[in-house]
file start.txt (compact mmCIF, C-alpha atoms)
# COMPACT_ATOMS: atom_id res chain seq x y z
CA MET A 1177 64.00 71.37 109.22
CA ALA A 1178 65.87 73.08 106.39
CA LYS A 1179 67.13 75.80 108.71
CA SER A 1180 68.96 73.22 110.85
CA PHE A 1181 71.25 71.98 108.01
CA PRO A 1182 73.82 74.80 108.24
CA ARG A 1183 74.11 74.30 111.98
CA ILE A 1184 74.73 70.56 111.57
CA LYS A 1185 77.36 71.23 108.88
CA VAL A 1186 79.23 73.70 111.08
CA LEU A 1187 79.13 71.28 114.00
CA SER A 1188 80.50 68.44 111.82
CA LEU A 1189 83.35 70.60 110.57
CA SER A 1190 84.14 71.65 114.12
CA VAL A 1191 84.31 68.05 115.28
CA LEU A 1192 86.52 67.15 112.30
CA PHE A 1193 88.87 70.06 113.03
CA LEU A 1194 89.05 69.12 116.71
CA SER A 1195 89.81 65.48 115.93
CA CYS A 1196 92.58 66.44 113.49
CA SER A 1197 94.02 68.84 116.05
CA LEU A 1198 94.07 66.17 118.72
CA PHE A 1199 96.04 63.82 116.49
CA SER A 1200 98.51 66.11 114.68
CA LEU A 1201 98.64 69.18 116.96
CA SER A 1202 101.32 70.87 114.83
CA SER A 1203 104.03 70.15 112.30
CA PRO A 1204 107.76 70.92 112.15
CA ASP A 1205 108.96 74.21 110.72
CA PHE A 1206 109.60 74.01 106.99
CA SER A 1207 113.11 73.27 105.80
CA PRO A 1208 114.10 72.37 102.21
CA VAL A 1209 117.29 70.63 103.33
CA GLU A 1210 117.06 66.86 103.06
CA PHE A 1211 117.32 65.26 106.48
CA ALA A 1212 116.93 61.88 108.17
CA ASP A 1213 116.84 61.15 111.88
CA GLU A 1214 119.61 58.83 113.08
CA ASN A 1215 117.04 56.03 113.54
CA VAL A 1216 115.72 56.35 109.97
CA LYS A 1217 117.52 53.99 107.60
CA SER A 1218 117.31 52.63 104.05
CA VAL A 1219 115.40 55.60 102.61
CA CYS A 1220 114.28 55.02 99.03
CA PHE A 1221 112.29 57.53 96.96
CA GLU A 1222 111.61 56.18 93.48
CA LYS A 1223 109.13 55.88 90.68
CA GLU A 1224 106.89 52.89 91.38
CA GLY A 1225 108.17 49.78 89.63
CA TRP A 1226 111.58 51.26 88.80
CA LYS A 1227 114.03 50.59 91.63
CA LEU A 1228 116.78 52.90 90.37
CA ALA A 1229 114.54 55.75 89.23
CA TYR A 1230 114.72 59.34 90.41
CA PRO A 1231 111.81 60.92 92.35
CA PHE A 1232 109.85 62.74 89.65
CA LEU A 1233 106.65 62.17 87.70
CA GLN A 1234 104.14 63.84 85.42
CA PRO A 1235 100.53 64.36 86.62
CA GLY A 1236 97.97 62.41 84.65
CA SER A 1237 100.55 59.88 83.47
CA GLY A 1238 99.28 57.20 85.83
CA ASP A 1239 102.76 56.91 87.35
CA GLU A 1240 103.30 56.87 91.09
CA MET A 1241 106.23 57.53 93.40
CA THR A 1242 107.00 55.47 96.48
CA LEU A 1243 108.83 56.70 99.57
CA SER A 1244 109.95 53.83 101.80
CA PHE A 1245 112.20 53.65 104.84
CA ASP A 1246 112.87 51.83 108.10
CA LEU A 1247 112.50 53.25 111.60
CA LEU A 1248 114.78 51.37 113.97
CA GLY A 1249 113.33 50.21 117.28
CA GLY A 1250 110.86 47.74 118.68
CA SER A 1251 107.67 49.80 118.56
CA ALA A 1252 106.22 51.96 115.80
CA GLY A 1253 104.58 55.30 116.42
CA THR A 1254 102.09 57.14 114.28
CA LEU A 1255 103.76 59.17 111.53
CA TRP A 1256 102.33 62.24 109.83
CA TYR A 1257 103.43 64.07 106.70
CA ASN A 1258 102.85 67.29 104.82
CA ILE A 1259 103.93 68.50 101.39
CA THR A 1260 105.27 71.96 100.54
CA HIS A 1261 105.56 73.57 97.11
CA CYS A 1262 108.85 75.42 96.41
CA ASP A 1263 110.34 77.70 93.79
CA ARG A 1264 113.18 76.56 91.55
CA ASN A 1265 115.75 77.35 94.27
CA TRP A 1266 113.87 75.43 96.99
CA ASN A 1267 112.42 78.44 98.78
CA LYS A 1268 108.83 78.05 99.91
CA SER A 1269 106.59 79.34 97.11
CA ASP A 1270 103.81 81.93 97.44
CA LEU A 1271 101.08 79.39 96.71
CA PHE A 1272 98.48 78.32 99.24
CA THR A 1273 98.22 74.60 99.90
CA SER A 1274 94.88 74.52 98.08
CA ASP A 1275 96.63 75.98 95.01
CA TYR A 1276 98.98 73.03 94.57
CA LEU A 1277 97.33 70.10 96.38
CA GLU A 1278 93.93 68.48 96.21
CA GLY A 1279 93.38 66.85 99.57
CA TYR A 1280 94.35 67.43 103.18
CA ASP A 1281 97.19 69.57 104.53
CA GLU A 1282 98.46 66.82 106.85
CA ASN A 1283 98.04 63.06 106.51
CA GLN A 1284 99.01 59.86 108.26
CA VAL A 1285 101.33 57.18 106.89
CA THR A 1286 99.10 54.13 107.15
CA ASP A 1287 101.21 51.48 105.38
CA PHE A 1288 103.76 50.07 107.85
CA LEU A 1289 104.77 46.65 109.14
CA PRO A 1290 107.28 45.38 111.72
CA SER A 1291 110.41 43.49 110.68
CA PHE A 1292 110.23 39.71 110.80
CA ASN A 1293 112.92 37.32 112.06
CA THR A 1294 115.70 39.94 112.13
CA ARG A 1295 118.42 40.64 114.68
CA VAL A 1296 117.77 44.37 114.44
CA ASN A 1297 114.14 45.31 115.05
CA TYR A 1298 112.62 47.96 112.80
CA THR A 1299 109.34 49.10 111.29
CA HIS A 1300 109.15 49.42 107.52
CA TYR A 1301 107.08 52.37 106.24
CA ARG A 1302 105.79 52.87 102.73
CA LEU A 1303 104.01 55.89 101.23
CA THR A 1304 102.76 56.16 97.65
CA LEU A 1305 102.20 59.52 95.93
CA PRO A 1306 99.73 60.59 94.67
CA ASN A 1307 97.16 58.77 96.80
CA ASN A 1308 93.56 59.10 98.00
CA ASP A 1309 94.57 61.90 100.38
CA VAL A 1310 96.93 63.90 98.15
CA ARG A 1311 96.85 64.79 94.45
CA PHE A 1312 99.06 67.36 92.73
CA LEU A 1313 97.57 70.33 90.91
CA VAL A 1314 100.65 72.16 89.60
CA SER A 1315 104.20 71.36 88.56
CA GLY A 1316 107.34 72.36 90.42
CA ASN A 1317 109.74 71.44 93.19
CA TYR A 1318 108.21 69.79 96.25
CA VAL A 1319 109.35 68.87 99.76
CA ILE A 1320 107.76 66.17 101.90
CA THR A 1321 108.27 66.32 105.68
CA LEU A 1322 107.46 63.44 108.05
CA TRP A 1323 107.28 63.50 111.82
CA GLU A 1324 106.12 61.41 114.77
CA ALA A 1325 102.79 62.36 116.32
CA SER A 1326 104.45 62.42 119.74
CA LYS A 1327 107.17 64.83 118.50
CA PRO A 1328 105.39 67.31 116.21
CA ASP A 1329 108.14 69.93 116.46
CA LYS A 1330 110.92 67.59 115.28
CA PRO A 1331 111.19 66.36 111.66
CA LEU A 1332 111.90 62.68 111.23
CA LEU A 1333 112.55 62.70 107.48
CA VAL A 1334 112.70 65.42 104.81
CA ARG A 1335 112.91 64.61 101.10
CA ARG A 1336 112.74 66.54 97.83
CA PHE A 1337 110.84 65.48 94.70
CA TYR A 1338 109.59 66.90 91.41
CA ILE A 1339 106.34 67.17 89.46
CA SER A 1340 106.84 67.92 85.76
CA GLU A 1341 104.44 69.12 83.06
CA GLY A 1342 106.26 67.51 80.16
CA SER A 1343 105.51 70.57 77.99
CA SER A 1344 109.12 71.28 76.98
CA SER A 1345 111.95 69.01 75.89
CA ALA A 1346 115.72 69.20 76.04
CA ALA A 1347 118.29 67.38 73.93
CA VAL A 1348 121.56 66.72 75.76
CA VAL A 1349 124.87 65.83 74.11
CA PHE A 1350 128.10 65.24 76.02
CA ARG A 1351 131.49 66.47 74.83
CA ARG A 1352 135.03 66.09 76.03
CA PRO A 1353 135.84 69.51 77.54
CA MET A 1354 138.23 71.87 75.78
CA LYS A 1355 138.93 74.10 78.78
CA PRO A 1356 142.57 73.76 79.89
CA GLY A 1357 142.95 71.57 82.95
CA THR A 1358 139.63 69.76 82.48
CA THR A 1359 140.08 67.76 79.27
CA ASP A 1360 140.93 64.48 80.99
CA THR A 1361 138.99 64.90 84.25
CA HIS A 1362 135.66 66.57 83.44
CA GLN A 1363 132.50 66.16 81.35
CA GLN A 1364 130.72 68.90 79.39
CA ALA A 1365 127.01 68.91 78.50
CA GLU A 1366 125.57 70.78 75.52
CA ILE A 1367 121.83 71.38 75.88
CA THR A 1368 119.27 72.41 73.28
CA LEU A 1369 115.87 73.30 74.71
CA THR A 1370 112.74 73.34 72.58
CA THR A 1371 110.17 75.64 74.19
CA GLY A 1372 107.21 74.21 72.29
CA SER A 1373 103.96 75.98 73.14
CA LEU A 1374 105.39 77.92 76.09
CA PRO A 1375 104.60 81.67 75.75
CA VAL A 1376 108.23 82.76 76.06
CA THR A 1377 108.74 86.50 75.53
CA ASP A 1378 111.94 87.01 77.54
CA PRO A 1379 113.95 83.75 77.57
CA TYR A 1380 116.75 85.19 79.70
CA ARG A 1381 114.35 85.99 82.53
CA GLN A 1382 111.54 83.48 82.09
CA VAL A 1383 113.43 80.25 81.38
CA THR A 1384 116.12 78.75 83.62
CA LEU A 1385 117.74 75.33 83.76
CA THR A 1386 119.18 73.24 86.56
CA ILE A 1387 121.53 70.35 85.80
CA MET A 1388 122.39 67.67 88.34
CA GLN A 1389 124.80 64.72 88.25
CA ASN A 1390 123.48 61.37 89.52
CA GLY A 1391 120.69 63.04 91.49
CA ARG A 1392 123.17 64.65 93.90
CA ALA A 1393 122.47 68.08 95.37
CA ASP A 1394 126.23 68.54 95.88
CA ARG A 1395 126.78 68.01 92.13
CA MET A 1396 124.33 70.57 90.79
CA HIS A 1397 124.40 73.85 88.83
CA ALA A 1398 121.30 76.06 88.93
CA ASP A 1399 119.89 79.10 87.13
CA LEU A 1400 121.50 78.43 83.74
CA THR A 1401 120.64 81.02 81.09
CA PRO A 1402 120.95 80.38 77.32
CA ASP A 1403 124.00 81.24 75.23
CA PHE A 1404 121.95 81.39 72.02
CA VAL A 1405 118.25 82.04 71.33
CA GLY A 1406 116.42 81.54 68.05
CA ASN A 1407 113.46 79.84 66.33
CA GLY A 1408 111.91 78.46 69.51
CA ARG A 1409 115.21 76.96 70.60
CA LEU A 1410 117.48 77.86 73.50
CA GLU A 1411 121.05 76.60 73.40
CA TYR A 1412 123.39 76.11 76.34
CA ASN A 1413 126.85 75.28 75.08
CA THR A 1414 130.44 74.98 76.21
CA LEU A 1415 130.81 78.72 76.85
CA SER A 1416 129.52 78.20 80.39
CA ASP A 1417 131.22 76.36 83.26
CA LYS A 1418 127.73 75.59 84.58
CA THR A 1419 127.52 72.61 82.23
CA LEU A 1420 130.98 71.40 83.28
CA PHE A 1421 131.28 68.66 85.93
CA PRO A 1422 134.07 66.47 87.31
CA GLY A 1423 133.58 63.05 85.77
CA GLY A 1424 134.56 61.23 88.95
CA ASN A 1425 135.07 57.49 88.78
CA GLU A 1426 132.88 54.42 88.54
CA PHE A 1427 131.53 53.64 91.99
CA ARG A 1428 132.96 51.02 94.29
CA TYR A 1429 130.53 48.27 95.28
CA PHE A 1430 129.86 45.37 97.62
CA ASP A 1431 127.21 42.67 98.03
CA ILE A 1432 125.70 41.74 101.42
CA LYS A 1433 122.52 40.04 100.20
CA THR A 1434 123.39 36.99 102.31
CA VAL A 1435 125.20 36.41 105.60
CA ARG A 1436 125.81 32.70 104.92
CA GLN A 1437 128.81 33.32 102.69
CA THR A 1438 130.85 36.20 101.33
CA ARG A 1439 129.94 37.89 98.06
CA GLN A 1440 131.61 40.60 95.95
CA ASN A 1441 134.27 42.63 97.79
CA VAL A 1442 133.40 41.16 101.20
CA ARG A 1443 136.37 39.59 103.00
CA ALA A 1444 134.53 38.01 105.93
CA ILE A 1445 131.20 37.92 107.77
CA ASP A 1446 131.24 37.34 111.52
CA PHE A 1447 128.57 37.25 114.20
CA VAL A 1448 129.69 39.59 117.00
CA ASN A 1449 127.72 40.76 120.04
CA GLY A 1450 124.40 39.65 118.63
CA LEU A 1451 124.80 41.24 115.19
CA TYR A 1452 126.33 40.28 111.87
CA ASN A 1453 129.46 42.19 110.84
CA ALA A 1454 130.63 42.36 107.21
CA PHE A 1455 134.31 43.21 106.71
CA LEU A 1456 135.02 44.55 103.24
CA ILE A 1457 138.22 43.86 101.35
CA PRO A 1458 140.53 46.86 101.99
CA SER A 1459 140.05 49.47 99.27
CA ASP A 1460 142.80 50.80 97.04
CA ASN A 1461 143.76 54.35 96.14
CA ARG A 1462 142.51 55.02 92.59
CA GLU A 1463 143.56 58.67 92.40
CA PHE A 1464 146.43 58.10 89.96
CA LYS A 1465 145.19 54.95 88.21
CA PRO A 1466 143.91 54.91 84.61
CA TYR A 1467 140.19 54.76 83.96
CA PHE A 1468 138.57 51.31 84.08
CA PHE A 1469 134.88 50.79 83.28
CA ASN A 1470 132.64 48.64 85.42
CA GLU A 1471 128.85 48.51 85.65
CA ASP A 1472 127.43 50.41 88.61
CA PHE A 1473 124.24 52.02 89.91
CA ASN A 1474 125.69 55.55 89.91
CA GLY A 1475 125.85 55.63 93.68
CA LYS A 1476 122.53 53.97 94.40
CA SER A 1477 121.80 50.91 96.51
CA VAL A 1478 119.21 48.14 96.30
CA VAL A 1479 117.85 46.36 99.38
CA ALA A 1480 117.77 42.60 98.75
CA ILE A 1481 118.10 39.26 100.53
CA GLU A 1482 118.77 35.91 98.90
CA GLU A 1483 116.80 33.85 101.41
CA SER A 1484 113.48 35.73 101.15
CA SER A 1485 111.13 37.37 98.66
CA ASP A 1486 110.22 40.11 101.18
CA PRO A 1487 113.40 42.14 101.73
CA ASP A 1488 111.46 45.14 103.05
CA ARG A 1489 110.65 43.25 106.27
CA GLU A 1490 113.07 40.31 106.37
CA ALA A 1491 116.40 41.82 105.34
CA ASP A 1492 118.58 42.35 108.41
CA TYR A 1493 120.99 45.13 109.34
CA LEU A 1494 124.74 44.51 109.45
CA TRP A 1495 127.70 46.51 110.64
CA VAL A 1496 129.73 47.03 107.46
CA TRP A 1497 133.43 47.78 108.02
CA PHE A 1498 135.33 49.92 105.50
CA THR A 1499 139.14 50.11 105.34
CA LEU A 1500 141.18 52.50 103.19
CA PRO A 1501 144.99 52.24 103.53
CA ALA A 1502 146.87 55.56 103.30
CA TYR A 1503 150.43 56.78 103.79
CA GLN A 1504 149.37 59.44 106.26
CA GLU A 1505 146.37 61.22 107.72
CA LEU A 1506 144.93 63.94 105.52
CA GLN A 1507 145.09 67.45 106.93
CA GLY A 1508 142.57 70.26 106.58
CA GLY A 1509 139.43 68.18 106.30
CA SER A 1510 137.66 64.87 106.85
CA LEU A 1511 137.09 61.72 104.81
CA TYR A 1512 133.63 60.20 104.32
CA VAL A 1513 132.01 57.09 102.84
CA MET A 1514 129.41 58.46 100.42
CA GLY A 1515 126.43 57.11 98.48
CA ASP A 1516 122.69 57.46 98.26
CA PHE A 1517 122.44 55.33 101.42
CA CYS A 1518 123.42 58.51 103.35
CA SER A 1519 121.56 60.86 100.96
CA TRP A 1520 124.94 62.19 99.80
CA GLN A 1521 125.33 64.01 103.09
CA TYR A 1522 128.37 64.39 105.32
CA THR A 1523 127.38 63.17 108.78
CA ALA A 1524 129.05 61.70 111.84
CA ASP A 1525 127.66 58.28 110.87
CA ASN A 1526 129.58 58.02 107.59
CA ARG A 1527 132.75 59.85 108.62
CA MET A 1528 135.98 57.83 108.55
CA PHE A 1529 138.63 57.89 111.26
CA TRP A 1530 142.39 57.60 110.98
CA ASN A 1531 143.96 54.50 112.57
CA ALA A 1532 147.63 55.42 113.00
CA ALA A 1533 148.61 51.96 114.21
CA LYS A 1534 147.30 50.29 111.04
CA GLY A 1535 148.02 53.17 108.65
CA CYS A 1536 144.50 53.37 107.30
CA TYR A 1537 141.13 55.10 107.48
CA GLU A 1538 138.27 53.08 108.96
CA ALA A 1539 134.51 53.39 109.27
CA SER A 1540 131.62 51.15 110.29
CA LEU A 1541 128.08 51.75 109.00
CA LEU A 1542 124.84 50.02 109.94
CA LEU A 1543 123.36 49.00 106.57
CA LYS A 1544 120.50 46.79 105.45
CA GLN A 1545 121.20 43.70 103.38
CA GLY A 1546 121.50 44.39 99.68
CA TRP A 1547 123.82 45.64 96.94
CA TYR A 1548 125.64 48.93 97.47
CA ASN A 1549 127.56 51.56 95.53
CA TYR A 1550 129.85 53.95 97.37
CA GLU A 1551 132.85 56.24 97.06
CA PHE A 1552 135.31 58.02 99.34
CA ALA A 1553 134.99 61.81 99.54
CA PHE A 1554 137.30 64.33 101.19
CA LEU A 1555 135.50 67.37 102.61
CA PRO A 1556 137.79 70.35 103.35
CA ASP A 1557 137.19 72.17 106.62
CA GLY A 1558 134.50 74.81 106.17
CA ALA A 1559 133.39 73.47 102.78
CA SER A 1560 129.98 72.08 101.83
CA VAL A 1561 131.10 70.19 98.70
CA SER A 1562 133.79 67.53 98.62
CA GLU A 1563 136.91 67.47 96.51
CA GLY A 1564 136.29 64.54 94.23
CA PHE A 1565 139.85 63.58 93.34
CA HIS A 1566 141.22 62.26 96.65
CA PHE A 1567 141.54 58.44 96.54
CA GLU A 1568 139.10 58.19 93.59
CA GLY A 1569 140.48 60.12 90.63
CA SER A 1570 138.32 61.76 87.97
CA HIS A 1571 137.92 60.84 84.29
CA TRP A 1572 136.04 62.28 81.33
CA GLU A 1573 135.04 58.73 80.26
CA THR A 1574 133.11 57.89 83.46
CA GLU A 1575 129.49 56.80 83.02
CA ASN A 1576 127.11 59.20 84.80
CA ASP A 1577 123.46 60.20 84.78
CA TYR A 1578 122.51 63.85 84.35
CA LEU A 1579 119.11 65.36 85.10
CA VAL A 1580 118.14 68.61 83.35
CA PHE A 1581 115.22 70.54 84.88
CA THR A 1582 113.49 73.27 82.84
CA TYR A 1583 111.69 76.02 84.78
CA PHE A 1584 109.39 78.65 83.29
CA ARG A 1585 108.12 81.71 85.14
CA ASP A 1586 104.87 82.90 83.60
CA PRO A 1587 104.03 86.52 84.52
CA THR A 1588 100.42 85.42 85.13
CA THR A 1589 101.37 82.85 87.80
CA ARG A 1590 102.93 83.04 91.26
CA TYR A 1591 105.27 80.08 90.93
CA ASP A 1592 108.03 78.49 88.88
CA ARG A 1593 106.54 75.92 86.52
CA LEU A 1594 108.65 72.81 86.01
CA THR A 1595 107.91 72.29 82.33
CA GLY A 1596 110.26 69.38 81.67
CA ILE A 1597 112.80 66.94 83.09
CA THR A 1598 115.35 65.23 80.86
CA LEU A 1599 117.39 62.24 82.01
CA ALA A 1600 120.58 61.77 80.00
CA ASN A 1601 123.48 59.36 80.32
CA THR A 1602 127.06 59.91 79.18
CA ARG A 1603 127.29 56.44 77.67
CA SER A 1604 124.47 57.18 75.24
CA ARG A 1605 125.86 60.71 74.72
CA GLN A 1606 122.28 61.96 74.38
CA ALA A 1607 119.02 62.27 76.30
CA VAL A 1608 117.44 58.91 77.11
CA ASN A 1609 114.20 59.91 78.84
CA ARG A 1610 112.00 62.97 79.04
CA GLN A 1611 109.14 63.87 81.40
call {"tool": "encode", "arguments": {"input": "start.txt", "output": "structure tokens"}}
result
Amino acid sequence: MAKSFPRIKVLSLSVLFLSCSLFSLSSPDFSPVEFADENVKSVCFEKEGWKLAYPFLQPGSGDEMTLSFDLLGGSAGTLWYNITHCDRNWNKSDLFTSDYLEGYDENQVTDFLPSFNTRVNYTHYRLTLPNNDVRFLVSGNYVITLWEASKPDKPLLVRRFYISEGSSSAAVVFRRPMKPGTTDTHQQAEITLTTGSLPVTDPYRQVTLTIMQNGRADRMHADLTPDFVGNGRLEYNTLSDKTLFPGGNEFRYFDIKTVRQTRQNVRAIDFVNGLYNAFLIPSDNREFKPYFFNEDFNGKSVVAIEESSDPDREADYLWVWFTLPAYQELQGGSLYVMGDFCSWQYTADNRMFWNAAKGCYEASLLLKQGWYNYEFAFLPDGASVSEGFHFEGSHWETENDYLVFTYFRDPTTRYDRLTGITLANTRSRQAVNRQ
């Protein structure tokens, strides 16, 4: 009897492998670039219980992250996901999956429900990390990729997130820049990093920082090295342009939590061709206007509906119409409506078009009910980062979030450890949260 146990175990593993193969077959090729299929809307990746949080956490803290989104259409297919560990520059790391994850290589998204009583049909998906199938073993940069079981070679959604050790801390102070030409338009961060118990022997090679404005990959400086080293402290000061950012402006906003009446910055709501259409009040050119503070979400959006307590399933989608008057069409590039609702990416969906007859730029976006921040961004031909001054202006006083990521490369490991994340805000002029 005892001799039969190994045979039974091998047979069980074979059946398990066959069943997994039948369901998942394969997964898309890895890509670190954030992406969403045109039918994926209202993507939100946040710390559980904190709607405006950024996607990072510390293992063992008890915190969780939630990735939620809608897939437009009447029927929902089975979705699968995998998670990839990356180095500090988002290249796939040298670790095996078993080195950084406890659990399975590929897993199903099991939490999803159809929309209810909406004009636009969709399925709302929700995935919490870590979960019973996936637990994180090491810190670092991570990429999650989701795909439909029927289309295993095509990614449906790609998102980045971070797992931090919390073993180092950074103090961040903001200064008005002294560099000529930036004093009124930019913001400068001074960073002091305390290495703590990290075994740092060569700080210029082992320790690097990345700083990011408002969680935007197009507002990020990587691979910062210290300007001063001493007594367990690394200082990054105003000698480097890598801590210098355009301040931008406070974000524009509108409220479409209800279709029964107009709210902030909405001129009219009409029902056209079976869908609600929200027409925003025409925007103004702020490029040459003085700075004016108003509360915002730093480019984020919040799904909400006044008539229901379940916005995930009962909030509807509206065509939102943007209008920006201008003297003439801009040459040498394109104008976009930008915010976290489009993952800060320049796509055909959020590109604006010149209406010569009306003398304005126009765009229409399909957005879920809620409260939105946005800005206008001009992208020069051939560029990957917008020029932030067109139509918006840029001010050193603007309120912004900054994330500082500390990476440590230990000679005994094969990956970049993410030893700390600091969230700082220019209004407080110092770090407000550390992980």
call {"tool": "residues_near_point", "arguments": {"input": "start.txt", "point": "(146.1, 62.7, 103.7)", "cutoff": "10 Å", "atoms": "only C-alpha atoms", "output": "ChimeraX atom specification"}}
result
/A:1502-1511,1530,1537,1554,1566-1567
call {"tool": "closest_residue", "arguments": {"input": "start.txt", "among": "A:Arg1590, A:Arg1336, A:Arg1585, A:Lys1223", "to": "Ala1393 of chain A", "atoms": "all atoms listed in the file"}}
result
A:Arg1336
call {"tool": "closest_residue", "arguments": {"input": "start.txt", "among": "A:Asp1275, A:Asp1213, A:Asp1246, A:Asp1378", "to": "Ala1491 of chain A", "atoms": "all atoms listed in the file"}}
result
A:Asp1246
call {"tool": "residues_near_point", "arguments": {"input": "start.txt", "point": "(124.5, 51.6, 112.1)", "cutoff": "8 Å", "atoms": "all atoms listed in the file", "output": "ChimeraX atom specification"}}
result
/A:1493-1495,1525,1540-1543
call {"tool": "residues_around", "arguments": {"input": "start.txt", "residues": "Leu1385 of chain A", "least_positions_apart": "3", "cutoff": "12 Å", "atoms": "only C-alpha atoms", "output": "compact mmCIF listing (two decimals) with C-alpha atoms, in the coordinates of the input"}}
result
# COMPACT_ATOMS: atom_id res chain seq x y z
CA ARG A 1264 113.18 76.56 91.55
CA ASN A 1265 115.75 77.35 94.27
CA SER A 1344 109.12 71.28 76.98
CA SER A 1345 111.95 69.01 75.89
CA ALA A 1346 115.72 69.20 76.04
CA ILE A 1367 121.83 71.38 75.88
CA THR A 1368 119.27 72.41 73.28
CA LEU A 1369 115.87 73.30 74.71
CA PRO A 1379 113.95 83.75 77.57
CA TYR A 1380 116.75 85.19 79.70
CA ARG A 1381 114.35 85.99 82.53
CA GLN A 1382 111.54 83.48 82.09
CA MET A 1388 122.39 67.67 88.34
CA MET A 1396 124.33 70.57 90.79
CA HIS A 1397 124.40 73.85 88.83
CA ALA A 1398 121.30 76.06 88.93
CA ASP A 1399 119.89 79.10 87.13
CA LEU A 1400 121.50 78.43 83.74
CA THR A 1401 120.64 81.02 81.09
CA PRO A 1402 120.95 80.38 77.32
CA LEU A 1410 117.48 77.86 73.50
CA GLU A 1411 121.05 76.60 73.40
CA TYR A 1412 123.39 76.11 76.34
CA LYS A 1418 127.73 75.59 84.58
CA THR A 1419 127.52 72.61 82.23
CA LEU A 1579 119.11 65.36 85.10
CA VAL A 1580 118.14 68.61 83.35
CA PHE A 1581 115.22 70.54 84.88
CA THR A 1582 113.49 73.27 82.84
CA TYR A 1583 111.69 76.02 84.78
CA PHE A 1584 109.39 78.65 83.29
CA ARG A 1585 108.12 81.71 85.14
CA ASP A 1592 108.03 78.49 88.88
CA ARG A 1593 106.54 75.92 86.52
CA LEU A 1594 108.65 72.81 86.01
CA THR A 1595 107.91 72.29 82.33
CA GLY A 1596 110.26 69.38 81.67
CA ILE A 1597 112.80 66.94 83.09
CA THR A 1598 115.35 65.23 80.86
call {"tool": "closest_atom_pairs", "arguments": {"input": "start.txt", "of": "segment 1445-1511 of chain A", "to": "segment 1284-1292 of chain A", "cutoff": "10 Å", "atoms": "all atoms listed in the file", "output": "JSON lines"}}
result
{"residue": "A:Asp1486", "atom": "CA", "partner": "A:Phe1292", "partner_atom": "CA", "distance": 9.6}
{"residue": "A:Pro1487", "atom": "CA", "partner": "A:Ser1291", "partner_atom": "CA", "distance": 9.5}
{"residue": "A:Asp1488", "atom": "CA", "partner": "A:Ser1291", "partner_atom": "CA", "distance": 7.9}
{"residue": "A:Arg1489", "atom": "CA", "partner": "A:Ser1291", "partner_atom": "CA", "distance": 4.4}
{"residue": "A:Glu1490", "atom": "CA", "partner": "A:Phe1292", "partner_atom": "CA", "distance": 5.3}
{"residue": "A:Ala1491", "atom": "CA", "partner": "A:Ser1291", "partner_atom": "CA", "distance": 8.2}
{"residue": "A:Asp1492", "atom": "CA", "partner": "A:Ser1291", "partner_atom": "CA", "distance": 8.6}
call {"tool": "closest_residue", "arguments": {"input": "start.txt", "among": "A:Thr1414, A:Gly1238, A:Ala1252, A:Gly1391", "to": "Leu1599 of chain A", "atoms": "only C-alpha atoms"}}
result
A:Gly1391
call {"tool": "atom_distance", "arguments": {"input": "start.txt", "atom1": "atom CA of Thr1377 of chain A", "atom2": "atom CA of Thr1589 of chain A"}}
result
14.8 Å
call {"tool": "axis_aligned_box", "arguments": {"input": "start.txt", "around": "segment 1294-1313 of chain A", "padding_each_side": "5 Å", "output": "JSON"}}
result
{"center_x": 106.0, "center_y": 55.1, "center_z": 103.0, "size_x": 34.9, "size_y": 40.4, "size_z": 34.1}
call {"tool": "atom_distance", "arguments": {"input": "start.txt", "atom1": "atom CA of Glu1282 of chain A", "atom2": "atom CA of Ser1269 of chain A"}}
result
17.8 Å
call {"tool": "closest_residue", "arguments": {"input": "start.txt", "among": "A:Arg1351, A:Lys1433, A:His1571, A:Lys1465", "to": "Ile1481 of chain A", "atoms": "all atoms listed in the file"}}
result
A:Lys1433
call {"tool": "atom_distance", "arguments": {"input": "start.txt", "atom1": "atom CA of Asn1390 of chain A", "atom2": "atom CA of Asn1470 of chain A"}}
result
16.2 Å
call {"tool": "closest_residue", "arguments": {"input": "start.txt", "among": "A:Tyr1522, A:Phe1469, A:Tyr1550, A:Phe1421", "to": "Phe1211 of chain A", "atoms": "all atoms listed in the file"}}
result
A:Tyr1522
call {"tool": "closest_residue", "arguments": {"input": "start.txt", "among": "A:Ala1325, A:Val1435, A:Leu1243, A:Val1296", "to": "Asn1283 of chain A", "atoms": "all atoms listed in the file"}}
result
A:Ala1325
call {"tool": "residues_around", "arguments": {"input": "start.txt", "residues": "Gln1389 of chain A", "least_positions_apart": "4", "cutoff": "6 Å", "atoms": "only C-alpha atoms", "output": "MDAnalysis selection string"}}
result
chainID A and resid 1395 1577:1578
call {"tool": "residues_around", "arguments": {"input": "start.txt", "residues": "Cys1220 of chain A", "least_positions_apart": "6", "cutoff": "9 Å", "atoms": "only C-alpha atoms", "output": "list of chain:residue names"}}
result
A:Lys1227, A:Thr1242, A:Leu1243, A:Ser1244, A:Phe1245, A:Ser1477, A:Val1478, A:Asp1516, A:Phe1517
call {"tool": "write_last_selection", "arguments": {"input": "start.txt", "atoms": "C-alpha atoms", "output": "short mmCIF file (atom, residue, chain, number, x, y, z; two decimals), in the frame of the given file"}}
result
data_model
loop_
_atom_site.label_atom_id
_atom_site.label_comp_id
_atom_site.auth_asym_id
_atom_site.auth_seq_id
_atom_site.Cartn_x
_atom_site.Cartn_y
_atom_site.Cartn_z
CA LYS A 1227 114.03 50.59 91.63
CA THR A 1242 107.00 55.47 96.48
CA LEU A 1243 108.83 56.70 99.57
CA SER A 1244 109.95 53.83 101.80
CA PHE A 1245 112.20 53.65 104.84
CA SER A 1477 121.80 50.91 96.51
CA VAL A 1478 119.21 48.14 96.30
CA ASP A 1516 122.69 57.46 98.26
CA PHE A 1517 122.44 55.33 101.42
#
